[in-house]
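Participant: Quick one: the structure is below, and I'll ask about it shortly.
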Amino acid sequence: MSHTTSTDPFVIAGKTYSSRLLVGTGKYKDFDETRKAIDVSGAEIITVAIRRTNIGQDPNQPSLLDFVPPSEFTLLPNTAGCYTADDAVRTLRLARELLDGHNLVKLEVLGDPDNLFPNMPETLKAAKVLVDEGFDVMVYCADDPIQCKMLEDIGCIAIMPLASLIGSGMGIINPWNLRLIIDQSSVPVLVDAGVGTASDATVAMELGCDGILMNTAIAGAKDPILMAAAMKHGVLAGRQAYLAGRIPRKYYDADPSSPTEGLIHSR
């Protein structure tokens, strides 16, 4: 993806990245498979569930940092598993301590353990506290344009509406809301949750998303390494198609692809 970076930069918290694909680290069979999938995906920003993954909390267990070191990747600690603003803020304060003052974080506050839909009042509350404390907050949220604008106004550096429920693989359920969010936002908009396959990633990027974060779609595939490669190409193809500008849809007006002028007609 690097050949587009100079003309189409992807900037998060002041740093430019070549890849618009962000990936998670959960649900793989082991850390070795995690690293292989990350390498194939080309991702540079890697999200880590602080409450579920060892990054130094337990010195007696293998640490993800031995396989995905901060010297090679930008780590994005997240608050997966948090159901209140207080829990989310506490978790990210711990992450900043474990990662030597790291400020870039992904906030998610869940509202229901069955569907993992975001609790937006608690999300807004936590976002305000974290921004005031100097965190660079990327935020998982509902595909609600009004609440997305509120999060941007609070100071979140990236808005991350769900395409569909976490882990569902249903793809983009409401592209119209997503376009409203993209059109109104002055910060990056990334789809977070619901992507199932490479075509879902392509559609999200063609709509104008700045990037995509995914975990289950890769880690849960029959062949995670091959799916990681497919997602890399899907994101790139979608972004290039968005920049190229698709032809308008014409439902009742066919337009031949070759010129009609100067044709030799039979008599």
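Residue numbering restarts at 1 in every chain; chains get A, B, ... in the order shown in the structure tokens, and ligands count up from 1 in that same order.
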Set the distance at 6 Å and use only C-alpha atoms: which residues neighbour Tyr140 of chain A once local chain neighbours fewer than 5 positions away are removed? I'd like the list as a ChimeraX atom specification.

Facilitator: /A:108,160-161

Participant: Among segment 16-239 of chain A, which residues does DSSP mark as strand (DSSP E) when it is run on the backbone? Keep the chain and numbering as in the structure and answer as a PyMOL selection string.

Facilitator: chain A and resi 16-17+21-24+45-49+74-78+104-107+136-141+158-161+190-192+211-214

Participant: Tell me, as a list in words, which residues lie within 8 Å of segment 115-127 of chain A, counting only C-alpha atoms; anything in the same chain fewer than 6 positions away does not count.

Facilitator: Tyr83, Thr84, Ala85, Asp86, Ala88, Val89, Leu107, Glu108, Val109, Val137, Val139, Tyr140, Cys141, Ala142, Gln147, Met150, Leu151, Ile154, Cys156, Leu165 and Ile166 of chain A

Participant: Excluding Val189 of chain A and its own-chain neighbours fewer than 3 positions away, which residues fall within 8 Å of it when counting only C-alpha atoms? Please give them as a ChimeraX atom specification.

Facilitator: /A:158-161,181-182,185,209-211

Participant: Calculated over only C-alpha atoms, which of the candidates A:Gly26, A:Glu97, A:Ala237, A:Gly81 has the smallest distance to Gly111 of chain A?

Facilitator: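 Among the listed residues, the smallest separation from Gly111 of chain A belongs to A:Gly81.
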
Participant: Please identify every residue of segment 35-117 of chain A that has at least one atom no farther than 7 Å from an atom of segment 128-136 of chain A, counting only C-alpha atoms, and for each give the shortest atom pair and the distance in Å to one decimal, arranged by chain then increasing number, as CSV.

Facilitator:
residue,atom,partner,partner_atom,distance
A:Val89,CA,A:Leu130,CA,6.7
A:Asn103,CA,A:Phe135,CA,4.7
A:Leu104,CA,A:Asp136,CA,4.7
A:Val105,CA,A:Asp136,CA,6.2

Participant: Take the residues just selected and output them with N, CA and C atoms as a compact mmCIF listing (two decimals), in the first residue's frame.

Facilitator:
# COMPACT_ATOMS: atom_id res chain seq x y z
N VAL A 89 -12.07 3.70 31.59
CA VAL A 89 -11.03 4.68 31.93
C VAL A 89 -9.93 4.02 32.76
N ASN A 103 -0.29 6.96 24.65
CA ASN A 103 -1.55 7.71 24.70
C ASN A 103 -2.60 7.29 23.69
N LEU A 104 -2.19 6.59 22.62
CA LEU A 104 -3.15 6.19 21.59
C LEU A 104 -3.93 4.98 22.07
N VAL A 105 -5.26 5.12 22.14
CA VAL A 105 -6.11 4.05 22.69
C VAL A 105 -7.39 3.92 21.87

Participant: Measuring between only C-alpha atoms, which one of A:Lys232, A:Arg179, A:Arg52, A:Arg35 shows the shortest distance to Leu22 of chain A?

Facilitator: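 Ranking A:Lys232, A:Arg179, A:Arg52, A:Arg35 by distance to Leu22 of chain A, first place goes to A:Lys232.
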
Participant: To one decimal place in Å, what is the distance between atom CA of Leu21 of chain A and atom CA of Gln184 of chain A?

Facilitator: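 A separation of 22.1 Å between them.
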
Participant: Enumerate, as a list of chain:residue names, the complete set of residues in segment 141-200 of chain A that a backbone-based DSSP assignment places in alpha helix (DSSP H).

Facilitator: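 Those in segment 141-200 of chain A that DSSP calls alpha helix (DSSP H) are A:Pro145, A:Ile146, A:Gln147, A:Cys148, A:Lys149, A:Met150, A:Leu151, A:Glu152, A:Asp153, A:Ile154, A:Pro175, A:Trp176, A:Asn177, A:Leu178, A:Arg179, A:Leu180, A:Ile181, A:Ile182, A:Asp183, A:Gln184, A:Ala198, A:Ser199, A:Asp200.
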
Participant: Convert the current residue selection to file output with N, CA and C atoms, as a PDB file, in the first residue's frame.

Facilitator:
ATOM      1  N   PRO A 145     -25.165   9.210  13.372  1.00  0.00           N
ATOM      2  CA  PRO A 145     -24.438  10.422  12.996  1.00  0.00           C
ATOM      3  C   PRO A 145     -24.411  11.488  14.096  1.00  0.00           C
ATOM      4  N   ILE A 146     -25.481  11.605  14.865  1.00  0.00           N
ATOM      5  CA  ILE A 146     -25.540  12.636  15.902  1.00  0.00           C
ATOM      6  C   ILE A 146     -24.532  12.338  17.007  1.00  0.00           C
ATOM      7  N   GLN A 147     -24.518  11.095  17.479  1.00  0.00           N
ATOM      8  CA  GLN A 147     -23.597  10.748  18.557  1.00  0.00           C
ATOM      9  C   GLN A 147     -22.146  10.694  18.059  1.00  0.00           C
ATOM     10  N   CYS A 148     -21.952  10.339  16.803  1.00  0.00           N
ATOM     11  CA  CYS A 148     -20.603  10.380  16.237  1.00  0.00           C
ATOM     12  C   CYS A 148     -20.074  11.814  16.222  1.00  0.00           C
ATOM     13  N   LYS A 149     -20.937  12.763  15.879  1.00  0.00           N
ATOM     14  CA  LYS A 149     -20.532  14.162  15.888  1.00  0.00           C
ATOM     15  C   LYS A 149     -20.216  14.624  17.307  1.00  0.00           C
ATOM     16  N   MET A 150     -20.977  14.158  18.277  1.00  0.00           N
ATOM     17  CA  MET A 150     -20.713  14.504  19.669  1.00  0.00           C
ATOM     18  C   MET A 150     -19.340  13.989  20.103  1.00  0.00           C
ATOM     19  N   LEU A 151     -18.986  12.787  19.692  1.00  0.00           N
ATOM     20  CA  LEU A 151     -17.673  12.220  20.035  1.00  0.00           C
ATOM     21  C   LEU A 151     -16.550  13.024  19.387  1.00  0.00           C
ATOM     22  N   GLU A 152     -16.763  13.440  18.144  1.00  0.00           N
ATOM     23  CA  GLU A 152     -15.752  14.274  17.488  1.00  0.00           C
ATOM     24  C   GLU A 152     -15.602  15.609  18.213  1.00  0.00           C
ATOM     25  N   ASP A 153     -16.722  16.205  18.604  1.00  0.00           N
ATOM     26  CA  ASP A 153     -16.677  17.490  19.292  1.00  0.00           C
ATOM     27  C   ASP A 153     -15.992  17.384  20.655  1.00  0.00           C
ATOM     28  N   ILE A 154     -16.098  16.230  21.313  1.00  0.00           N
ATOM     29  CA  ILE A 154     -15.395  16.003  22.577  1.00  0.00           C
ATOM     30  C   ILE A 154     -13.889  16.038  22.372  1.00  0.00           C
ATOM     31  N   PRO A 175     -25.365   1.199   5.031  1.00  0.00           N
ATOM     32  CA  PRO A 175     -24.377   2.050   4.350  1.00  0.00           C
ATOM     33  C   PRO A 175     -24.765   3.515   4.335  1.00  0.00           C
ATOM     34  N   TRP A 176     -26.056   3.803   4.427  1.00  0.00           N
ATOM     35  CA  TRP A 176     -26.507   5.196   4.355  1.00  0.00           C
ATOM     36  C   TRP A 176     -26.087   5.960   5.613  1.00  0.00           C
ATOM     37  N   ASN A 177     -26.236   5.361   6.777  1.00  0.00           N
ATOM     38  CA  ASN A 177     -25.760   6.015   7.995  1.00  0.00           C
ATOM     39  C   ASN A 177     -24.260   6.211   7.953  1.00  0.00           C
ATOM     40  N   LEU A 178     -23.564   5.212   7.440  1.00  0.00           N
ATOM     41  CA  LEU A 178     -22.109   5.300   7.361  1.00  0.00           C
ATOM     42  C   LEU A 178     -21.692   6.469   6.476  1.00  0.00           C
ATOM     43  N   ARG A 179     -22.366   6.665   5.356  1.00  0.00           N
ATOM     44  CA  ARG A 179     -22.046   7.790   4.486  1.00  0.00           C
ATOM     45  C   ARG A 179     -22.334   9.123   5.172  1.00  0.00           C
ATOM     46  N   LEU A 180     -23.414   9.209   5.930  1.00  0.00           N
ATOM     47  CA  LEU A 180     -23.707  10.436   6.665  1.00  0.00           C
ATOM     48  C   LEU A 180     -22.577  10.763   7.635  1.00  0.00           C
ATOM     49  N   ILE A 181     -22.087   9.741   8.322  1.00  0.00           N
ATOM     50  CA  ILE A 181     -21.002   9.932   9.289  1.00  0.00           C
ATOM     51  C   ILE A 181     -19.729  10.377   8.584  1.00  0.00           C
ATOM     52  N   ILE A 182     -19.407   9.725   7.478  1.00  0.00           N
ATOM     53  CA  ILE A 182     -18.209  10.082   6.710  1.00  0.00           C
ATOM     54  C   ILE A 182     -18.292  11.519   6.214  1.00  0.00           C
ATOM     55  N   ASP A 183     -19.441  11.891   5.671  1.00  0.00           N
ATOM     56  CA  ASP A 183     -19.595  13.212   5.063  1.00  0.00           C
ATOM     57  C   ASP A 183     -19.493  14.341   6.076  1.00  0.00           C
ATOM     58  N   GLN A 184     -19.886  14.091   7.322  1.00  0.00           N
ATOM     59  CA  GLN A 184     -19.888  15.159   8.320  1.00  0.00           C
ATOM     60  C   GLN A 184     -18.595  15.243   9.120  1.00  0.00           C
ATOM     61  N   ALA A 198     -13.497 -10.291   2.431  1.00  0.00           N
ATOM     62  CA  ALA A 198     -12.794  -9.205   1.759  1.00  0.00           C
ATOM     63  C   ALA A 198     -13.734  -8.258   1.023  1.00  0.00           C
ATOM     64  N   SER A 199     -14.830  -8.780   0.484  1.00  0.00           N
ATOM     65  CA  SER A 199     -15.756  -7.899  -0.230  1.00  0.00           C
ATOM     66  C   SER A 199     -16.407  -6.888   0.711  1.00  0.00           C
ATOM     67  N   ASP A 200     -16.639  -7.266   1.964  1.00  0.00           N
ATOM     68  CA  ASP A 200     -17.163  -6.313   2.945  1.00  0.00           C
ATOM     69  C   ASP A 200     -16.180  -5.173   3.169  1.00  0.00           C
TER      70      ASP A 200
END

Participant: Pick the closest to Met138 of chain A from A:Cys82, A:Ala37, A:Val48, A:Ala13: which is it, counting only C-alpha atoms?

Facilitator: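 Closest residue, counting only C-alpha atoms: A:Ala13.
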
Participant: Check the smallest atom-to-atom distance from each of A:Gly14, A:Gly220, A:Gly245, A:Pro62 to Leu207 of chain A using only C-alpha atoms, then report the winner.

Facilitator: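 Among A:Gly14, A:Gly220, A:Gly245, A:Pro62, it is A:Gly245 that comes nearest to Leu207 of chain A.
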